[in-house]
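A.B. asks: What follows is run02.txt, made up of compact mmCIF, C-alpha atoms and all ligand atoms:
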# COMPACT_ATOMS: atom_id res chain seq x y z
CA MET A 15 146.79 191.08 219.73
CA ASN A 16 144.02 191.33 217.14
CA ASN A 17 142.04 194.55 216.70
CA GLN A 18 139.14 193.31 218.83
CA ASP A 19 141.50 192.63 221.77
CA ARG A 20 143.22 195.98 221.24
CA TRP A 21 139.82 197.73 221.22
CA HIS A 22 138.80 195.94 224.42
CA ALA A 23 142.06 196.82 226.15
CA ALA A 24 141.93 200.51 225.28
CA MET A 25 138.31 201.60 224.82
CA GLN A 26 135.26 202.09 227.06
CA ASN A 27 132.91 199.19 226.62
CA ASN A 28 129.82 201.28 225.81
CA TYR A 29 129.46 199.76 222.34
CA GLY A 30 130.63 196.26 223.27
CA VAL A 31 133.51 195.10 221.09
CA PRO A 32 132.69 195.54 217.38
CA PRO A 33 133.14 192.19 215.61
CA ILE A 34 134.90 193.51 212.51
CA THR A 35 137.39 196.26 211.68
CA LEU A 36 136.66 198.15 208.46
CA VAL A 37 139.50 199.61 206.45
CA LYS A 38 138.04 201.04 203.24
CA GLY A 39 134.82 201.66 201.37
CA LYS A 40 133.49 202.67 197.97
CA GLY A 41 129.86 203.54 197.34
CA ALA A 42 127.69 200.96 199.11
CA GLU A 43 130.58 198.53 199.64
CA VAL A 44 133.10 198.25 202.49
CA TRP A 45 136.02 195.94 203.16
CA ASP A 46 137.42 194.67 206.44
CA GLU A 47 141.04 194.21 207.46
CA ASN A 48 141.04 190.68 206.03
CA GLY A 49 139.90 191.86 202.61
CA LYS A 50 136.34 190.58 203.07
CA ARG A 51 133.77 192.67 201.17
CA TYR A 52 130.39 193.70 202.63
CA LEU A 53 127.36 195.34 201.06
CA ASP A 54 126.70 198.25 203.42
CA PHE A 55 122.94 198.52 203.91
CA LEU A 56 123.22 200.48 207.14
CA GLY A 57 125.22 203.41 205.73
CA GLY A 58 126.91 204.30 209.01
CA ILE A 59 123.37 204.19 210.51
CA ALA A 60 121.61 206.42 208.00
CA THR A 61 124.59 208.74 207.69
CA ASN A 62 126.61 208.06 204.54
CA VAL A 63 124.07 209.51 202.12
CA LEU A 64 126.50 209.34 199.19
CA GLY A 65 128.12 206.12 200.38
CA HIS A 66 131.81 205.73 201.06
CA ALA A 67 134.57 207.79 199.45
CA HIS A 68 132.26 209.53 197.00
CA PRO A 69 134.39 211.63 194.62
CA VAL A 70 132.46 214.87 195.30
CA ILE A 71 132.94 214.49 199.07
CA VAL A 72 136.61 213.55 198.71
CA LYS A 73 137.20 216.58 196.49
CA ALA A 74 135.34 218.98 198.78
CA VAL A 75 137.10 217.78 201.93
CA ASN A 76 140.57 217.68 200.38
CA GLY A 77 140.08 221.12 198.87
CA GLN A 78 138.85 222.64 202.13
CA VAL A 79 141.39 221.04 204.48
CA GLY A 80 144.19 222.40 202.32
CA LYS A 81 142.71 225.91 202.52
CA LEU A 82 141.08 226.44 205.92
CA ALA A 83 140.21 223.72 208.42
CA HIS A 84 139.13 225.59 211.54
CA VAL A 85 138.53 229.21 212.42
CA SER A 86 136.40 229.10 215.64
CA ASN A 87 133.12 230.94 215.71
CA LEU A 88 134.77 234.31 216.24
CA TYR A 89 135.09 234.52 212.46
CA SER A 90 132.82 233.52 209.62
CA HIS A 91 133.70 231.31 206.66
CA LYS A 92 132.11 230.82 203.27
CA PRO A 93 131.24 227.07 203.45
CA GLY A 94 129.21 227.72 206.62
CA ILE A 95 127.31 230.71 205.23
CA GLU A 96 126.68 228.83 201.99
CA LEU A 97 125.33 225.80 203.86
CA ALA A 98 123.02 227.87 206.07
CA GLU A 99 121.62 229.51 202.91
CA LYS A 100 121.11 226.11 201.28
CA LEU A 101 119.20 224.88 204.34
CA GLN A 102 117.06 228.01 204.25
CA ASP A 103 116.26 227.22 200.62
CA LEU A 104 115.51 223.57 201.34
CA THR A 105 113.15 224.49 204.18
CA ASN A 106 111.57 227.01 201.83
CA ASP A 107 111.63 229.62 204.58
CA ALA A 108 113.67 232.81 204.41
CA THR A 109 113.10 233.30 208.14
CA ALA A 110 114.89 230.01 208.92
CA ARG A 111 117.92 230.54 211.17
CA VAL A 112 120.58 227.86 211.55
CA PHE A 113 122.82 226.90 214.48
CA PHE A 114 125.54 224.41 213.59
CA CYS A 115 126.91 221.77 215.95
CA ASN A 116 128.54 218.36 215.54
CA SER A 117 125.90 215.73 216.26
CA GLY A 118 122.25 214.90 216.66
CA ALA A 119 122.35 215.03 220.44
CA GLU A 120 123.88 218.51 220.30
CA ALA A 121 121.24 219.66 217.82
CA ASN A 122 118.56 218.52 220.27
CA GLU A 123 120.37 220.18 223.19
CA ALA A 124 120.14 223.43 221.23
CA ALA A 125 116.41 222.82 220.67
CA ILE A 126 115.89 222.24 224.41
CA LYS A 127 117.66 225.53 225.19
CA ILE A 128 115.62 227.40 222.55
CA SER A 129 112.44 225.99 224.11
CA ARG A 130 113.46 227.39 227.51
CA LEU A 131 113.52 230.88 225.97
CA THR A 132 109.73 230.71 225.65
CA GLY A 133 109.63 231.18 229.43
CA ARG A 134 107.96 227.76 229.77
CA ASN A 135 109.84 224.67 230.89
CA GLN A 136 107.69 221.65 230.06
CA ILE A 137 108.62 219.42 227.14
CA ILE A 138 106.48 216.62 225.68
CA ALA A 139 108.24 213.80 223.85
CA ALA A 140 107.21 210.34 222.67
CA ALA A 141 107.60 206.98 224.38
CA GLY A 142 110.09 204.95 222.36
CA GLY A 143 111.60 208.10 220.84
CA PHE A 144 115.34 208.59 220.62
CA HIS A 145 117.06 211.97 220.67
CA GLY A 146 120.63 211.25 221.76
CA ARG A 147 122.84 210.37 224.71
CA THR A 148 123.90 213.68 226.23
CA THR A 149 122.11 214.52 229.47
CA GLY A 150 119.55 216.88 227.92
CA ALA A 151 118.92 214.74 224.84
CA LEU A 152 118.62 211.64 227.05
CA SER A 153 116.06 213.49 229.19
CA ILE A 154 113.71 213.70 226.19
CA THR A 155 114.47 210.14 225.01
CA GLY A 156 111.50 207.86 225.76
CA GLN A 157 113.44 204.67 226.44
CA ASP A 158 113.63 203.78 230.14
CA ALA A 159 116.56 201.37 229.92
CA LYS A 160 118.79 204.08 228.44
CA ARG A 161 117.65 206.72 230.96
CA ALA A 162 117.47 204.78 234.23
CA PRO A 163 121.21 204.52 235.12
CA PHE A 164 121.65 208.26 234.69
CA GLU A 165 118.71 209.68 236.57
CA PRO A 166 117.90 212.26 237.80
CA LEU A 167 117.74 213.86 234.37
CA LEU A 168 116.04 217.14 233.35
CA SER A 169 112.70 217.64 235.06
CA GLY A 170 109.58 218.84 233.26
CA VAL A 171 109.65 216.18 230.54
CA LYS A 172 106.51 214.09 229.89
CA PHE A 173 106.25 211.13 227.53
CA VAL A 174 103.13 210.21 225.57
CA GLN A 175 102.37 207.24 223.36
CA TYR A 176 103.74 207.84 219.86
CA GLY A 177 100.92 208.21 217.35
CA ASP A 178 98.25 208.80 220.01
CA VAL A 179 96.61 212.15 219.23
CA LEU A 180 94.32 212.05 222.27
CA ALA A 181 97.23 211.49 224.64
CA MET A 182 99.03 214.43 223.04
CA ARG A 183 95.98 216.65 223.38
CA LYS A 184 95.73 215.77 227.08
CA ALA A 185 99.42 216.32 227.74
CA VAL A 186 99.98 219.67 225.99
CA SER A 187 98.96 222.82 227.86
CA LYS A 188 99.82 226.50 228.01
CA ASN A 189 102.82 225.41 230.16
CA THR A 190 104.29 223.31 227.37
CA ALA A 191 107.30 224.91 225.76
CA MET A 192 107.93 222.30 223.08
CA VAL A 193 106.72 219.03 221.66
CA ILE A 194 109.55 217.08 220.06
CA LEU A 195 108.92 214.10 217.77
CA GLU A 196 110.59 212.06 215.07
CA ALA A 197 108.62 211.77 211.81
CA ILE A 198 109.50 208.05 211.95
CA GLN A 199 110.99 206.51 215.10
CA GLY A 200 114.21 205.07 213.71
CA GLU A 201 115.96 203.65 216.78
CA ASN A 202 112.68 202.27 218.09
CA GLY A 203 112.44 199.93 215.10
CA VAL A 204 111.35 202.21 212.24
CA VAL A 205 107.92 202.93 213.73
CA VAL A 206 105.68 204.99 211.43
CA PRO A 207 102.69 206.90 212.83
CA ASP A 208 99.35 207.02 210.99
CA PRO A 209 99.08 209.64 208.25
CA GLY A 210 97.80 212.91 209.71
CA TYR A 211 99.44 212.43 213.13
CA LEU A 212 101.98 215.23 212.73
CA ARG A 213 99.33 217.49 211.26
CA LYS A 214 97.11 216.97 214.29
CA VAL A 215 100.01 217.51 216.68
CA ARG A 216 100.81 220.72 214.79
CA ALA A 217 97.26 221.94 215.44
CA ILE A 218 97.49 221.05 219.15
CA CYS A 219 100.75 222.97 219.43
CA ASP A 220 99.21 225.98 217.69
CA GLN A 221 96.24 225.98 220.07
CA ASN A 222 98.60 226.10 223.06
CA GLY A 223 101.32 228.40 221.75
CA THR A 224 103.72 225.44 221.94
CA LEU A 225 106.75 224.94 219.70
CA LEU A 226 106.78 221.85 217.51
CA ALA A 227 110.25 220.41 216.96
CA ILE A 228 110.85 217.66 214.43
CA ASP A 229 113.95 215.61 215.12
CA ALA A 230 115.01 214.83 211.56
CA VAL A 231 118.43 213.56 212.59
CA GLN A 232 117.74 210.10 211.16
CA THR A 233 114.91 210.87 208.74
CA GLY A 234 116.42 214.04 207.25
CA MET A 235 118.60 214.84 204.26
CA GLY A 236 116.64 212.84 201.71
CA ARG A 237 116.49 209.58 203.63
CA THR A 238 112.70 209.28 203.33
CA GLY A 239 112.54 210.66 199.80
CA GLU A 240 111.83 214.12 201.25
CA TRP A 241 114.41 216.56 202.60
CA PHE A 242 113.25 216.47 206.21
CA GLY A 243 110.76 213.62 206.55
CA TYR A 244 107.73 215.73 207.52
CA GLU A 245 106.86 217.38 204.20
CA SER A 246 104.32 214.70 203.21
CA GLU A 247 102.26 215.78 206.25
CA GLY A 248 102.05 219.30 204.84
CA ILE A 249 103.23 220.85 208.11
CA LYS A 250 105.88 223.36 209.01
CA PRO A 251 107.54 222.77 212.37
CA ASP A 252 109.04 225.60 214.45
CA ILE A 253 112.30 223.74 214.92
CA ILE A 254 114.14 221.09 212.90
CA THR A 255 117.15 219.19 214.20
CA LEU A 256 119.56 217.52 211.79
CA ALA A 257 122.82 215.54 211.86
CA LYS A 258 123.75 212.10 210.42
CA GLY A 259 123.33 212.58 206.62
CA LEU A 260 123.83 216.35 206.80
CA GLY A 261 127.63 216.22 206.62
CA GLY A 262 127.75 213.59 203.87
CA GLY A 263 129.69 211.34 206.27
CA LEU A 264 131.48 214.08 208.20
CA PRO A 265 130.42 215.12 211.71
CA LEU A 266 127.88 217.93 211.48
CA GLY A 267 124.58 218.77 213.17
CA ALA A 268 122.17 221.66 212.90
CA MET A 269 119.27 223.16 214.83
CA ILE A 270 117.07 225.30 212.60
CA THR A 271 114.31 227.59 213.78
CA LEU A 272 111.55 228.31 211.27
CA GLY A 273 108.96 231.07 211.11
CA GLU A 274 108.42 233.86 213.61
CA LYS A 275 107.06 231.89 216.57
CA SER A 276 110.28 230.31 217.77
CA PRO A 277 112.56 232.36 220.00
CA ALA A 278 116.14 232.86 218.81
CA PHE A 279 119.49 232.80 220.54
CA LYS A 280 121.07 236.13 221.41
CA PRO A 281 124.86 236.62 221.36
CA GLY A 282 126.46 234.55 224.10
CA GLU A 283 123.49 232.22 224.70
CA HIS A 284 124.89 229.15 222.93
CA GLY A 285 127.96 227.94 221.06
CA SER A 286 130.26 225.14 219.90
CA THR A 287 133.96 225.23 219.05
CA PHE A 288 133.83 222.77 216.17
CA GLY A 289 130.15 223.17 215.22
CA GLY A 290 129.79 224.04 211.54
CA ASN A 291 133.53 223.84 210.87
CA PRO A 292 134.62 224.62 207.29
CA ILE A 293 135.49 221.01 206.37
CA SER A 294 132.18 219.48 207.45
CA CYS A 295 130.27 222.36 205.84
CA ALA A 296 132.19 221.92 202.58
CA ALA A 297 131.28 218.22 202.59
CA ALA A 298 127.63 219.05 203.33
CA ASN A 299 127.49 221.59 200.50
CA ALA A 300 128.96 219.05 198.10
CA ALA A 301 126.49 216.37 199.23
CA ILE A 302 123.45 218.65 198.87
CA ASP A 303 124.60 219.97 195.48
CA TYR A 304 125.05 216.42 194.22
CA MET A 305 121.68 215.30 195.56
CA VAL A 306 119.93 218.21 193.87
CA LYS A 307 121.83 217.84 190.59
CA LYS A 308 121.18 214.09 190.35
CA GLU A 309 117.58 214.36 191.63
CA LEU A 310 118.46 211.78 194.24
CA LEU A 311 115.21 212.19 196.18
CA LYS A 312 113.26 210.65 193.28
CA LYS A 313 115.72 207.77 193.17
CA VAL A 314 115.32 207.24 196.93
CA ALA A 315 111.56 206.92 196.52
CA SER A 316 111.84 204.41 193.66
CA SER A 317 114.61 202.38 195.37
CA GLY A 318 112.47 202.25 198.52
CA LYS A 319 109.43 201.07 196.57
CA TYR A 320 111.43 198.32 194.87
CA LEU A 321 112.77 197.08 198.22
CA ARG A 322 109.33 197.06 199.83
CA VAL A 323 107.83 195.01 197.02
CA MET A 324 110.69 192.52 196.86
CA LEU A 325 111.16 192.13 200.62
CA ALA A 326 107.44 191.59 201.23
CA LYS A 327 107.75 188.36 199.18
CA VAL A 328 110.53 186.92 201.36
CA PRO A 329 109.30 184.02 203.56
CA GLY A 330 109.54 185.03 207.22
CA VAL A 331 108.86 188.73 206.54
CA VAL A 332 105.48 189.93 207.82
CA GLU A 333 105.73 193.66 207.07
CA VAL A 334 108.08 196.21 205.56
CA ARG A 335 107.57 199.65 207.09
CA GLY A 336 109.20 203.04 206.79
CA ARG A 337 109.67 205.44 203.90
CA GLY A 338 112.22 205.87 201.15
CA LEU A 339 115.47 204.23 202.22
CA LEU A 340 114.73 204.00 205.94
CA LEU A 341 112.99 200.66 206.20
CA GLY A 342 112.12 198.27 209.02
CA ILE A 343 111.75 194.66 207.93
CA VAL A 344 109.40 193.06 210.44
CA LEU A 345 110.03 189.33 210.91
CA ASP A 346 107.55 186.70 212.05
CA SER A 347 109.78 185.72 215.00
CA ASN A 348 112.30 187.31 217.37
CA VAL A 349 115.36 186.37 215.35
CA ALA A 350 116.48 189.84 214.22
CA THR A 351 119.78 189.79 216.13
CA ALA A 352 120.63 186.34 214.78
CA VAL A 353 119.75 187.52 211.26
CA ALA A 354 121.99 190.60 211.55
CA THR A 355 124.88 188.45 212.80
CA LYS A 356 124.43 185.85 210.07
CA ALA A 357 124.10 188.60 207.47
CA MET A 358 127.50 189.93 208.45
CA SER A 359 129.09 186.56 207.84
CA ASN A 360 127.23 186.50 204.50
CA GLY A 361 128.75 189.89 203.60
CA LEU A 362 125.81 192.15 204.43
CA LEU A 363 125.72 194.98 207.00
CA ILE A 364 122.27 195.56 208.58
CA ASN A 365 121.10 195.93 212.18
CA ALA A 366 118.39 194.88 214.58
CA PRO A 367 116.81 197.81 216.48
CA ALA A 368 114.15 195.47 217.92
CA LYS A 369 113.90 191.70 218.52
CA ASN A 370 111.79 191.17 215.39
CA VAL A 371 112.90 194.12 213.25
CA ILE A 372 115.81 194.54 210.85
CA ARG A 373 116.62 198.13 209.90
CA ILE A 374 118.14 199.10 206.60
CA ALA A 375 119.38 202.59 205.68
CA PRO A 376 121.68 202.16 202.69
CA PRO A 377 123.46 205.02 200.94
CA LEU A 378 120.99 206.99 198.82
CA ILE A 379 123.14 206.34 195.74
CA VAL A 380 122.69 202.56 196.03
CA SER A 381 122.40 200.96 192.58
CA LYS A 382 119.62 198.75 191.22
CA LYS A 383 122.12 195.91 191.03
CA GLU A 384 123.01 196.33 194.70
CA LEU A 385 119.34 196.42 195.68
CA GLY A 386 118.88 193.10 193.89
CA GLU A 387 121.96 191.62 195.57
CA PHE A 388 120.66 192.77 198.95
CA VAL A 389 117.27 191.10 198.53
CA LYS A 390 118.93 187.86 197.43
CA VAL A 391 121.45 187.69 200.28
CA PHE A 392 118.89 188.84 202.85
CA ALA A 393 116.39 186.13 201.78
CA ARG A 394 119.13 183.48 201.92
CA THR A 395 120.27 184.69 205.35
CA LEU A 396 116.75 184.70 206.81
CA ASN A 397 116.17 181.20 205.42
CA GLU A 398 119.42 179.98 207.01
CA VAL A 399 118.43 181.39 210.40
CA LEU A 400 114.86 180.11 210.29
CA ASN A 401 115.56 176.69 208.81
CA GLY A 402 119.08 176.00 210.04
N1 LIG A 501 117.97 211.84 217.09
C1 LIG A 501 117.68 210.76 216.35
C2 LIG A 501 116.32 210.63 215.75
C3 LIG A 501 118.64 209.76 216.14
O1 LIG A 501 118.33 208.67 215.43
C4 LIG A 501 119.91 209.91 216.74
C5 LIG A 501 120.93 208.87 216.57
O2 LIG A 501 120.67 207.75 216.23
C6 LIG A 501 120.16 211.06 217.50
C7 LIG A 501 119.17 212.01 217.64
C8 LIG A 501 121.50 211.26 218.14
O3 LIG A 501 122.44 211.60 217.19
P1 LIG A 501 123.99 211.56 217.53
O4 LIG A 501 124.36 210.13 217.73
O5 LIG A 501 124.65 212.18 216.34
O6 LIG A 501 124.19 212.37 218.77
Transcribe the structure of this file into structure tokens.
Ligand code: PLP
C.D. replies:
Amino acid sequence: MNNQDRWHAAMQNNYGVPPITLVKGKGAEVWDENGKRYLDFLGGIATNVLGHAHPVIVKAVNGQVGKLAHVSNLYSHKPGIELAEKLQDLTNDATARVFFCNSGAEANEAAIKISRLTGRNQIIAAAGGFHGRTTGALSITGQDAKRAPFEPLLSGVKFVQYGDVLAMRKAVSKNTAMVILEAIQGENGVVVPDPGYLRKVRAICDQNGTLLAIDAVQTGMGRTGEWFGYESEGIKPDIITLAKGLGGGLPLGAMITLGEKSPAFKPGEHGSTFGGNPISCAAANAAIDYMVKKELLKKVASSGKYLRVMLAKVPGVVEVRGRGLLLGIVLDSNVATAVATKAMSNGLLINAPAKNVIRIAPPLIVSKKELGEFVKVFARTLNEVLNG
């Protein structure tokens, strides 16, 4: 049996059967079981910030696993404390308080629970938004097809059009515990709101005593050229949720409260066995240290600019949207799935979050040469799909 048949015979079919089996990676390159090489422009879906097998991650993980892998949350450990302090520094807020978990959905679950501590139980989220697959996170996910089979979900959740300030103003009241939004809707096809949107939502939340949570699971950890994806709006949210890039490729999530307005968990109110384990925290510390030392955020901005300029010239591309290295390439026809499939056979990993949109989220360390290779192979692939 090949690996696809073995997968099918042993696994739930929630992902369908993945067409290839990857065996190793280095930087922005991966290889499958047949030795075929791919340029990885999806980065584990915006997760492998330093690419595959980066020496600083390998060293941090190997060093930590040989010392202390798991302690439970009955005891503290240095990598966890160090990481929480780093996140405090990055948010520029000494009042920031961090809860570690393992994933984006869990980070948002923690945010939902924090919002309940306001004594209010209404949450406003955005149509098209994505916050995860656990029951609570799914309840605030504005995508009907994902929610419908699992209803009834949490009550008290209202969805408004993303980017529509008026709709937000109408929806938020003194009963609203929390508004939760992505700075860019990644899973919905890299949808970017108008400048000023988050700032206006911040003001609406302030007028109503409502918490503003930014789900930076996909947009965080330097992906947009900022640490958390909202800084260019000049706002400070009350809650940030993180995962994906946070662990430098290892499973790690975080829910961070900022400022004095957000309630905080008391002992016994929340927890996670593996959340913030020493190995993932050591990897996260190494990733952040490397990003700071190499000034990677500047590189992300310039790599993103280069891609936008080059991709806009490709026939069949009508728009390139997003920020930094989270980009949606909008096509002039609904061929995105065919393009992603063809790209794989051409040695390029990308995906199609919408019928006419290709998403790219390469490792933040991607080289100029690899950016050039990507544009070339992508243009050839799109031409093959459009012109046979
Ligand atoms: N929030 C956002 C914005 C995401 O993009 C995702 C995953 O794509 C999640 C939450 C869920 O994260 P996880 O799959 O780690 O639970």
A.B. asks: Between A:Thr355, A:Asn122, A:Thr395, A:Asn28, which has the minimum distance to ligand LIG 501 (chain A) (counting all atoms listed in the file)?
C.D. replies: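 Among the listed residues, A:Asn122 lies closest to ligand LIG 501 (chain A).
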A.B. asks: Is there a way to get, as a PyMOL selection string, all residues within 12 Å of the point (123.2, 228.9, 214.6) in file coordinates, counting only C-alpha atoms?
C.D. replies: chain A and resi 87+90+94-95+97-99+101+110-116+120-121+124-125+128+255+267-271+278-286+289-290
A.B. asks: Counting all atoms listed in the file, name the residues that have an atom within 7 Å of an atom of ligand LIG 501 (chain A); the answer should be given as number ranges by chain.
C.D. replies: A: 117-120, 144-147, 196, 199-201, 229-232, 257-258
A.B. asks: Quick one: of A:Ala301, A:Met15, A:Leu104, A:Leu272, who's nearest to A:Phe242, counting all atoms listed in the file?
C.D. replies: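 That would be A:Leu104, the residue with the smallest distance to A:Phe242.
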A.B. asks: So how many Å separate atom CA of A:Val75 and atom CA of A:Leu266, to one decimal?
C.D. replies: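 Computed distance, atom CA of A:Val75 to atom CA of A:Leu266, equals 13.3 Å.
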A.B. asks: Find the residues around A:Gly65 up to 7 Å (all atoms listed in the file counted), leave out those fewer than 3 positions away in its own chain, and share them as a list in words.
C.D. replies: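 Close residues of A:Gly65: Lys40, Gly41, Ala42, Gly57, Asn62, His68, Pro377 and Ile379 of chain A.
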A.B. asks: Using all atoms listed in the file, pick whichever of A:Ala357, A:Leu310, A:Ala197, A:Ala139 has the shortest atom-to-atom distance to A:Gly236.
C.D. replies: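 Distance minimum relative to A:Gly236 lands on A:Leu310.
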A.B. asks: Taking into account all atoms listed in the file, which residue in the set A:Met192, A:Ala181, A:Ala350, A:Val171 is nearest to A:Ile254?
C.D. replies: A:Met192
A.B. asks: One decimal, Å: what's the distance from atom CA of A:Phe55 over to atom CA of A:Val371, could you say?
C.D. replies: 14.4 Å
A.B. asks: What does the distance from atom CA of A:Ala352 to atom CA of A:Val334 come to in Å, to one decimal?
C.D. replies: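 The value is 18.4 Å.
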A.B. asks: List every protein, DNA or RNA residue that has an atom no more than 10 Å from (128.1, 201.4, 214.5) in the file's coordinate frame, counting all atoms listed in the file, and report them as a list in words.
C.D. replies: Tyr29, Pro32, Leu56, Gly57, Gly58, Ile59 and Asn365 of chain A
A.B. asks: Excluding A:Gln221 and any residue of its chain fewer than 4 positions from it, enumerate the residues within 12 Å of it, using all atoms listed in the file, and give them as a list in words.
C.D. replies: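 The neighbour list is Arg183, Val186, Ser187, Lys188, Thr190, Lys214, Val215, Arg216, Ala217, Leu225 and Leu226 of chain A.
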A.B. asks: Of the candidates A:Met25, A:Ala300, A:Ile249, A:Ala315, which one gets nearest to A:Asp220 if we count all atoms listed in the file?
C.D. replies: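 The closest residue to A:Asp220 is A:Ile249.
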A.B. asks: Of the candidates A:Val63, A:Val193, A:Ile343, A:Ile137, which shows the shortest atom-to-atom distance to A:Arg237, using all atoms listed in the file?
C.D. replies: A:Val63
